[in-house]
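Asker: Structure supplied as structure04.cif; contents: mmCIF, N, CA and C atoms.
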data_work
#
loop_
_atom_site.label_atom_id
_atom_site.label_comp_id
_atom_site.auth_asym_id
_atom_site.auth_seq_id
_atom_site.Cartn_x
_atom_site.Cartn_y
_atom_site.Cartn_z
N MET A 1 1.79 -5.99 0.88
CA MET A 1 0.53 -5.56 0.34
C MET A 1 -0.35 -6.80 0.19
N ASN A 2 -1.61 -6.66 0.51
CA ASN A 2 -2.50 -7.81 0.40
C ASN A 2 -2.89 -8.02 -1.07
N SER A 3 -3.47 -9.17 -1.34
CA SER A 3 -3.81 -9.52 -2.73
C SER A 3 -4.82 -8.57 -3.34
N LYS A 4 -5.77 -8.12 -2.57
CA LYS A 4 -6.79 -7.20 -3.09
C LYS A 4 -6.14 -5.91 -3.58
N THR A 5 -5.27 -5.34 -2.77
CA THR A 5 -4.58 -4.11 -3.14
C THR A 5 -3.69 -4.34 -4.36
N PHE A 6 -2.94 -5.44 -4.35
CA PHE A 6 -2.06 -5.74 -5.47
C PHE A 6 -2.83 -5.89 -6.77
N LEU A 7 -3.91 -6.65 -6.75
CA LEU A 7 -4.69 -6.87 -7.97
C LEU A 7 -5.38 -5.59 -8.44
N THR A 8 -5.78 -4.75 -7.52
CA THR A 8 -6.37 -3.46 -7.89
C THR A 8 -5.33 -2.58 -8.56
N LEU A 9 -4.13 -2.53 -8.01
CA LEU A 9 -3.04 -1.75 -8.61
C LEU A 9 -2.67 -2.31 -9.99
N HIS A 10 -2.56 -3.61 -10.08
CA HIS A 10 -2.23 -4.28 -11.34
C HIS A 10 -3.29 -3.94 -12.40
N ALA A 11 -4.55 -3.99 -12.02
CA ALA A 11 -5.64 -3.65 -12.94
C ALA A 11 -5.53 -2.20 -13.40
N GLY A 12 -5.28 -1.30 -12.47
CA GLY A 12 -5.17 0.11 -12.81
C GLY A 12 -4.07 0.38 -13.82
N ILE A 13 -2.93 -0.25 -13.63
CA ILE A 13 -1.80 -0.08 -14.55
C ILE A 13 -2.19 -0.53 -15.94
N TYR A 14 -2.80 -1.71 -16.05
CA TYR A 14 -3.17 -2.23 -17.36
C TYR A 14 -4.29 -1.42 -18.00
N PHE A 15 -5.23 -0.93 -17.21
CA PHE A 15 -6.30 -0.08 -17.77
C PHE A 15 -5.73 1.21 -18.34
N VAL A 16 -4.77 1.82 -17.66
CA VAL A 16 -4.16 3.05 -18.15
C VAL A 16 -3.49 2.80 -19.49
N PHE A 17 -2.69 1.73 -19.59
CA PHE A 17 -2.02 1.43 -20.84
C PHE A 17 -3.02 1.09 -21.95
N ALA A 18 -4.08 0.40 -21.61
CA ALA A 18 -5.10 0.08 -22.62
C ALA A 18 -5.71 1.36 -23.18
N LEU A 19 -6.06 2.28 -22.32
CA LEU A 19 -6.67 3.54 -22.76
C LEU A 19 -5.70 4.38 -23.58
N VAL A 20 -4.46 4.45 -23.13
CA VAL A 20 -3.47 5.25 -23.85
C VAL A 20 -3.22 4.67 -25.25
N LEU A 21 -3.04 3.35 -25.34
CA LEU A 21 -2.77 2.75 -26.65
C LEU A 21 -4.00 2.75 -27.55
N TYR A 22 -5.17 2.87 -26.97
CA TYR A 22 -6.37 2.95 -27.79
C TYR A 22 -6.57 4.37 -28.33
N PHE A 23 -6.47 5.35 -27.43
CA PHE A 23 -6.80 6.72 -27.81
C PHE A 23 -5.62 7.55 -28.32
N LEU A 24 -4.39 7.21 -27.94
CA LEU A 24 -3.24 8.05 -28.28
C LEU A 24 -2.10 7.29 -28.97
N PRO A 25 -2.38 6.34 -29.84
CA PRO A 25 -1.27 5.56 -30.41
C PRO A 25 -0.28 6.39 -31.21
N THR A 26 -0.75 7.41 -31.92
CA THR A 26 0.17 8.20 -32.74
C THR A 26 1.08 9.09 -31.90
N GLN A 27 0.71 9.34 -30.65
CA GLN A 27 1.56 10.11 -29.76
C GLN A 27 2.51 9.21 -28.96
N VAL A 28 2.07 8.02 -28.61
CA VAL A 28 2.84 7.16 -27.71
C VAL A 28 3.88 6.32 -28.45
N TRP A 29 3.48 5.61 -29.50
CA TRP A 29 4.38 4.66 -30.15
C TRP A 29 5.67 5.30 -30.69
N PRO A 30 5.64 6.50 -31.23
CA PRO A 30 6.91 7.08 -31.70
C PRO A 30 7.96 7.24 -30.60
N MET A 31 7.55 7.38 -29.35
CA MET A 31 8.51 7.46 -28.25
C MET A 31 9.28 6.15 -28.11
N TYR A 32 8.70 5.07 -28.61
CA TYR A 32 9.33 3.75 -28.57
C TYR A 32 10.07 3.44 -29.87
N GLY A 33 10.01 4.34 -30.82
CA GLY A 33 10.64 4.12 -32.10
C GLY A 33 9.76 3.40 -33.09
N VAL A 34 8.48 3.30 -32.80
CA VAL A 34 7.53 2.60 -33.67
C VAL A 34 6.64 3.64 -34.35
N GLU A 35 6.53 3.55 -35.65
CA GLU A 35 5.70 4.49 -36.40
C GLU A 35 4.28 3.96 -36.56
N ILE A 36 3.34 4.84 -36.39
CA ILE A 36 1.95 4.56 -36.72
C ILE A 36 1.69 5.34 -38.01
N ASN A 37 1.85 4.66 -39.13
CA ASN A 37 1.83 5.37 -40.39
C ASN A 37 0.67 5.01 -41.32
N ASP A 38 -0.24 4.19 -40.84
CA ASP A 38 -1.42 3.89 -41.65
C ASP A 38 -2.54 3.39 -40.74
N LYS A 39 -3.71 3.19 -41.33
CA LYS A 39 -4.86 2.78 -40.54
C LYS A 39 -4.69 1.38 -39.95
N TYR A 40 -3.85 0.56 -40.55
CA TYR A 40 -3.65 -0.81 -40.06
C TYR A 40 -2.81 -0.83 -38.79
N SER A 41 -1.73 -0.06 -38.77
CA SER A 41 -0.92 0.01 -37.55
C SER A 41 -1.69 0.72 -36.44
N TYR A 42 -2.51 1.70 -36.80
CA TYR A 42 -3.35 2.38 -35.82
C TYR A 42 -4.32 1.37 -35.18
N PHE A 43 -4.94 0.55 -36.03
CA PHE A 43 -5.86 -0.46 -35.54
C PHE A 43 -5.15 -1.50 -34.67
N LEU A 44 -3.94 -1.91 -35.06
CA LEU A 44 -3.22 -2.91 -34.25
C LEU A 44 -2.93 -2.39 -32.85
N SER A 45 -2.66 -1.11 -32.73
CA SER A 45 -2.48 -0.54 -31.40
C SER A 45 -3.78 -0.62 -30.61
N GLN A 46 -4.88 -0.27 -31.27
CA GLN A 46 -6.17 -0.37 -30.59
C GLN A 46 -6.50 -1.83 -30.27
N HIS A 47 -6.14 -2.73 -31.15
CA HIS A 47 -6.38 -4.15 -30.94
C HIS A 47 -5.62 -4.64 -29.70
N THR A 48 -4.40 -4.17 -29.52
CA THR A 48 -3.61 -4.51 -28.34
C THR A 48 -4.33 -4.11 -27.06
N SER A 49 -5.10 -3.04 -27.14
CA SER A 49 -5.84 -2.56 -25.97
C SER A 49 -6.86 -3.58 -25.46
N ILE A 50 -7.33 -4.44 -26.36
CA ILE A 50 -8.27 -5.49 -25.95
C ILE A 50 -7.63 -6.34 -24.86
N PHE A 51 -6.41 -6.76 -25.10
CA PHE A 51 -5.73 -7.67 -24.19
C PHE A 51 -5.25 -6.97 -22.92
N LEU A 52 -4.78 -5.74 -23.07
CA LEU A 52 -4.38 -4.98 -21.88
C LEU A 52 -5.59 -4.69 -21.00
N GLY A 53 -6.68 -4.28 -21.62
CA GLY A 53 -7.91 -4.05 -20.86
C GLY A 53 -8.45 -5.33 -20.24
N GLY A 54 -8.32 -6.43 -20.97
CA GLY A 54 -8.76 -7.73 -20.45
C GLY A 54 -7.97 -8.15 -19.23
N LEU A 55 -6.65 -7.94 -19.26
CA LEU A 55 -5.83 -8.25 -18.09
C LEU A 55 -6.22 -7.36 -16.91
N GLY A 56 -6.52 -6.11 -17.21
CA GLY A 56 -6.98 -5.23 -16.15
C GLY A 56 -8.29 -5.71 -15.55
N ALA A 57 -9.21 -6.14 -16.42
CA ALA A 57 -10.51 -6.63 -15.94
C ALA A 57 -10.36 -7.90 -15.11
N VAL A 58 -9.53 -8.82 -15.56
CA VAL A 58 -9.30 -10.06 -14.80
C VAL A 58 -8.74 -9.73 -13.42
N SER A 59 -7.73 -8.86 -13.39
CA SER A 59 -7.15 -8.49 -12.10
C SER A 59 -8.18 -7.83 -11.19
N LEU A 60 -8.97 -6.92 -11.76
CA LEU A 60 -9.97 -6.22 -10.96
C LEU A 60 -11.05 -7.16 -10.45
N LEU A 61 -11.53 -8.05 -11.31
CA LEU A 61 -12.62 -8.94 -10.92
C LEU A 61 -12.17 -10.03 -9.94
N PHE A 62 -10.90 -10.37 -9.94
CA PHE A 62 -10.39 -11.39 -9.04
C PHE A 62 -9.89 -10.83 -7.71
N ARG A 63 -9.93 -9.52 -7.54
CA ARG A 63 -9.35 -8.93 -6.32
C ARG A 63 -10.09 -9.32 -5.05
N ASN A 64 -11.37 -9.69 -5.15
CA ASN A 64 -12.14 -10.04 -3.95
C ASN A 64 -12.26 -11.54 -3.73
N ILE A 65 -11.58 -12.33 -4.52
CA ILE A 65 -11.64 -13.78 -4.38
C ILE A 65 -11.06 -14.20 -3.04
N LYS A 66 -11.76 -15.05 -2.35
CA LYS A 66 -11.31 -15.52 -1.04
C LYS A 66 -10.67 -16.91 -1.10
N ASP A 67 -10.99 -17.66 -2.15
CA ASP A 67 -10.45 -19.01 -2.30
C ASP A 67 -8.94 -18.94 -2.55
N GLY A 68 -8.16 -19.56 -1.67
CA GLY A 68 -6.71 -19.50 -1.75
C GLY A 68 -6.15 -20.06 -3.04
N GLU A 69 -6.70 -21.16 -3.51
CA GLU A 69 -6.22 -21.77 -4.75
C GLU A 69 -6.47 -20.84 -5.94
N ALA A 70 -7.61 -20.19 -5.96
CA ALA A 70 -7.93 -19.27 -7.05
C ALA A 70 -6.97 -18.08 -7.05
N VAL A 71 -6.67 -17.54 -5.89
CA VAL A 71 -5.74 -16.42 -5.79
C VAL A 71 -4.36 -16.84 -6.29
N GLU A 72 -3.92 -18.01 -5.88
CA GLU A 72 -2.61 -18.50 -6.34
C GLU A 72 -2.58 -18.66 -7.85
N GLN A 73 -3.64 -19.19 -8.43
CA GLN A 73 -3.65 -19.42 -9.88
C GLN A 73 -3.68 -18.11 -10.66
N ILE A 74 -4.41 -17.12 -10.18
CA ILE A 74 -4.44 -15.84 -10.90
C ILE A 74 -3.08 -15.16 -10.79
N LEU A 75 -2.43 -15.26 -9.65
CA LEU A 75 -1.09 -14.69 -9.52
C LEU A 75 -0.09 -15.39 -10.43
N LYS A 76 -0.20 -16.71 -10.56
CA LYS A 76 0.66 -17.45 -11.48
C LYS A 76 0.42 -17.01 -12.92
N ALA A 77 -0.84 -16.82 -13.27
CA ALA A 77 -1.17 -16.37 -14.63
C ALA A 77 -0.59 -14.98 -14.90
N LEU A 78 -0.62 -14.11 -13.92
CA LEU A 78 -0.05 -12.77 -14.09
C LEU A 78 1.46 -12.83 -14.21
N ILE A 79 2.09 -13.73 -13.48
CA ILE A 79 3.55 -13.92 -13.60
C ILE A 79 3.89 -14.35 -15.03
N ILE A 80 3.17 -15.32 -15.54
CA ILE A 80 3.43 -15.81 -16.90
C ILE A 80 3.19 -14.71 -17.92
N THR A 81 2.09 -14.00 -17.80
CA THR A 81 1.76 -12.93 -18.74
C THR A 81 2.82 -11.84 -18.73
N ASN A 82 3.19 -11.38 -17.56
CA ASN A 82 4.19 -10.32 -17.46
C ASN A 82 5.56 -10.79 -17.91
N PHE A 83 5.89 -12.05 -17.65
CA PHE A 83 7.16 -12.61 -18.10
C PHE A 83 7.21 -12.67 -19.63
N LEU A 84 6.11 -13.07 -20.25
CA LEU A 84 6.05 -13.06 -21.72
C LEU A 84 6.23 -11.64 -22.25
N GLY A 85 5.61 -10.68 -21.61
CA GLY A 85 5.79 -9.28 -21.99
C GLY A 85 7.24 -8.86 -21.87
N MET A 86 7.92 -9.32 -20.83
CA MET A 86 9.33 -9.00 -20.64
C MET A 86 10.17 -9.58 -21.78
N ILE A 87 9.91 -10.83 -22.14
CA ILE A 87 10.68 -11.48 -23.20
C ILE A 87 10.45 -10.78 -24.55
N ILE A 88 9.20 -10.55 -24.88
CA ILE A 88 8.88 -9.98 -26.20
C ILE A 88 9.39 -8.55 -26.32
N THR A 89 9.22 -7.74 -25.29
CA THR A 89 9.69 -6.36 -25.39
C THR A 89 11.21 -6.27 -25.29
N SER A 90 11.84 -7.20 -24.59
CA SER A 90 13.31 -7.25 -24.58
C SER A 90 13.83 -7.56 -25.98
N TYR A 91 13.18 -8.50 -26.64
CA TYR A 91 13.53 -8.82 -28.02
C TYR A 91 13.40 -7.58 -28.91
N ALA A 92 12.32 -6.84 -28.74
CA ALA A 92 12.11 -5.63 -29.54
C ALA A 92 13.22 -4.61 -29.27
N GLY A 93 13.67 -4.52 -28.04
CA GLY A 93 14.76 -3.60 -27.72
C GLY A 93 16.10 -4.07 -28.27
N LEU A 94 16.36 -5.35 -28.15
CA LEU A 94 17.64 -5.89 -28.60
C LEU A 94 17.78 -5.89 -30.13
N THR A 95 16.69 -6.01 -30.83
CA THR A 95 16.74 -6.05 -32.30
C THR A 95 16.56 -4.67 -32.93
N GLY A 96 16.37 -3.64 -32.12
CA GLY A 96 16.26 -2.29 -32.65
C GLY A 96 14.86 -1.86 -33.04
N ILE A 97 13.87 -2.70 -32.75
CA ILE A 97 12.49 -2.30 -33.03
C ILE A 97 12.08 -1.19 -32.07
N PHE A 98 12.34 -1.41 -30.78
CA PHE A 98 12.09 -0.38 -29.78
C PHE A 98 13.37 0.41 -29.58
N VAL A 99 13.28 1.71 -29.69
CA VAL A 99 14.40 2.60 -29.37
C VAL A 99 13.84 3.72 -28.49
N GLY A 100 14.70 4.60 -28.07
CA GLY A 100 14.25 5.72 -27.25
C GLY A 100 13.63 5.23 -25.95
N PHE A 101 12.37 5.55 -25.76
CA PHE A 101 11.65 5.18 -24.54
C PHE A 101 11.35 3.68 -24.49
N GLY A 102 11.67 2.96 -25.55
CA GLY A 102 11.38 1.53 -25.63
C GLY A 102 11.99 0.69 -24.53
N TRP A 103 13.10 1.16 -23.94
CA TRP A 103 13.72 0.42 -22.84
C TRP A 103 12.79 0.28 -21.65
N SER A 104 11.81 1.18 -21.55
CA SER A 104 10.93 1.17 -20.39
C SER A 104 9.99 -0.05 -20.38
N ASP A 105 9.65 -0.58 -21.55
CA ASP A 105 8.74 -1.73 -21.58
C ASP A 105 9.34 -2.98 -20.94
N PRO A 106 10.57 -3.39 -21.31
CA PRO A 106 11.13 -4.55 -20.61
C PRO A 106 11.26 -4.30 -19.10
N ALA A 107 11.62 -3.07 -18.73
CA ALA A 107 11.72 -2.74 -17.30
C ALA A 107 10.36 -2.85 -16.63
N PHE A 108 9.34 -2.31 -17.29
CA PHE A 108 7.97 -2.36 -16.77
C PHE A 108 7.52 -3.81 -16.55
N PHE A 109 7.69 -4.65 -17.56
CA PHE A 109 7.26 -6.04 -17.44
C PHE A 109 8.10 -6.82 -16.43
N THR A 110 9.38 -6.49 -16.34
CA THR A 110 10.23 -7.14 -15.34
C THR A 110 9.75 -6.80 -13.94
N ILE A 111 9.47 -5.53 -13.71
CA ILE A 111 8.98 -5.10 -12.39
C ILE A 111 7.66 -5.79 -12.06
N LEU A 112 6.72 -5.84 -13.01
CA LEU A 112 5.44 -6.49 -12.74
C LEU A 112 5.60 -8.00 -12.54
N THR A 113 6.54 -8.61 -13.23
CA THR A 113 6.81 -10.04 -13.03
C THR A 113 7.32 -10.28 -11.61
N VAL A 114 8.30 -9.48 -11.20
CA VAL A 114 8.88 -9.63 -9.86
C VAL A 114 7.83 -9.34 -8.78
N LEU A 115 7.06 -8.27 -8.96
CA LEU A 115 6.04 -7.95 -7.96
C LEU A 115 4.97 -9.04 -7.88
N SER A 116 4.59 -9.60 -9.01
CA SER A 116 3.61 -10.70 -9.01
C SER A 116 4.18 -11.93 -8.31
N TYR A 117 5.46 -12.21 -8.56
CA TYR A 117 6.12 -13.35 -7.92
C TYR A 117 6.19 -13.15 -6.41
N TRP A 118 6.60 -11.95 -6.00
CA TRP A 118 6.66 -11.64 -4.56
C TRP A 118 5.29 -11.76 -3.92
N GLN A 119 4.27 -11.29 -4.63
CA GLN A 119 2.91 -11.37 -4.10
C GLN A 119 2.49 -12.82 -3.92
N LEU A 120 2.85 -13.66 -4.88
CA LEU A 120 2.52 -15.09 -4.78
C LEU A 120 3.25 -15.70 -3.59
N LYS A 121 4.54 -15.43 -3.44
CA LYS A 121 5.31 -15.98 -2.32
C LYS A 121 4.75 -15.49 -0.98
N LYS A 122 4.39 -14.23 -0.92
CA LYS A 122 3.82 -13.67 0.31
C LYS A 122 2.48 -14.33 0.61
N TYR A 123 1.68 -14.54 -0.43
CA TYR A 123 0.36 -15.12 -0.23
C TYR A 123 0.47 -16.57 0.25
N LYS A 124 1.43 -17.29 -0.28
CA LYS A 124 1.60 -18.71 0.09
C LYS A 124 2.12 -18.89 1.50
N SER A 125 2.80 -17.87 2.03
CA SER A 125 3.38 -18.05 3.37
C SER A 125 2.43 -17.65 4.48
#
Taking this structure as input, can you express it in the form of structure tokens?
Answerer:
Amino acid sequence: MNSKTFLTLHAGIYFVFALVLYFLPTQVWPMYGVEINDKYSYFLSQHTSIFLGGLGAVSLLFRNIKDGEAVEQILKALIITNFLGMIITSYAGLTGIFVGFGWSDPAFFTILTVLSYWQLKKYKS
């Protein structure tokens, strides 16, 4: 897959999660074993959407970049971001914060880390 397609797909995934966590936190988080039981936890879910939406915007806006160095750097940034997501959500699963559907987050971030890495390797060759 070329970088434009990959970055468009990456953006779409993050935009979907941003919208879901903004508009449906009380429906989504309990599937992960996390309760939204007050206005503060509700807001924190919406606050998380800032960063998910931002990653989507960065991916979308960089999809047409032609400069090879810029493409490599954005792919490296996505690898780091997704890897951090993998570590943090794995911790949540291992410590019992995430239960039920919570296993899907480390899997999701692992897949995006690997796909970003493969995209970088493919782009460099």
Asker: Could you tell me which residues the PyMOL selection byres (((chain A and resi 101-116 and name CA) around 10) and name CA) returns for this structure, as a ChimeraX atom specification?
Answerer: /A:3,6-7,10,13,28-34,74-94,96-100,117-122
Asker: Can you tell me how far atom C of Asp67 in chain A sits from CA of Thr8 in chain A, in Å to one decimal?
Answerer: 16.6 Å
Asker: Padding of 5 Å on every side, edges along x, y and z, all listed atoms of range 40-49 of chain A included: what centre and edge lengths in Å, to one decimal, does that box have, as lines of an AutoDock Vina configuration file?
Answerer:
center_x = -3.9
center_y = -1.1
center_z = -33.0
size_x = 15.9
size_y = 17.0
size_z = 25.1
Asker: Report as number ranges by chain: the residues of range 5-125 of chain A with a DSSP assignment of helix (DSSP H, G or I), based on the backbone of this structure.
Answerer: A: 5-23, 25-32, 39-61, 68-94, 100-124
Asker: For CA of Ser125 in chain A and atom C of Leu9 in chain A, determine how far apart the two atoms are, in Å to one decimal place.
Answerer: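 So the two atoms, CA of Ser125 in chain A and atom C of Leu9 in chain A, lie 21.5 Å apart.
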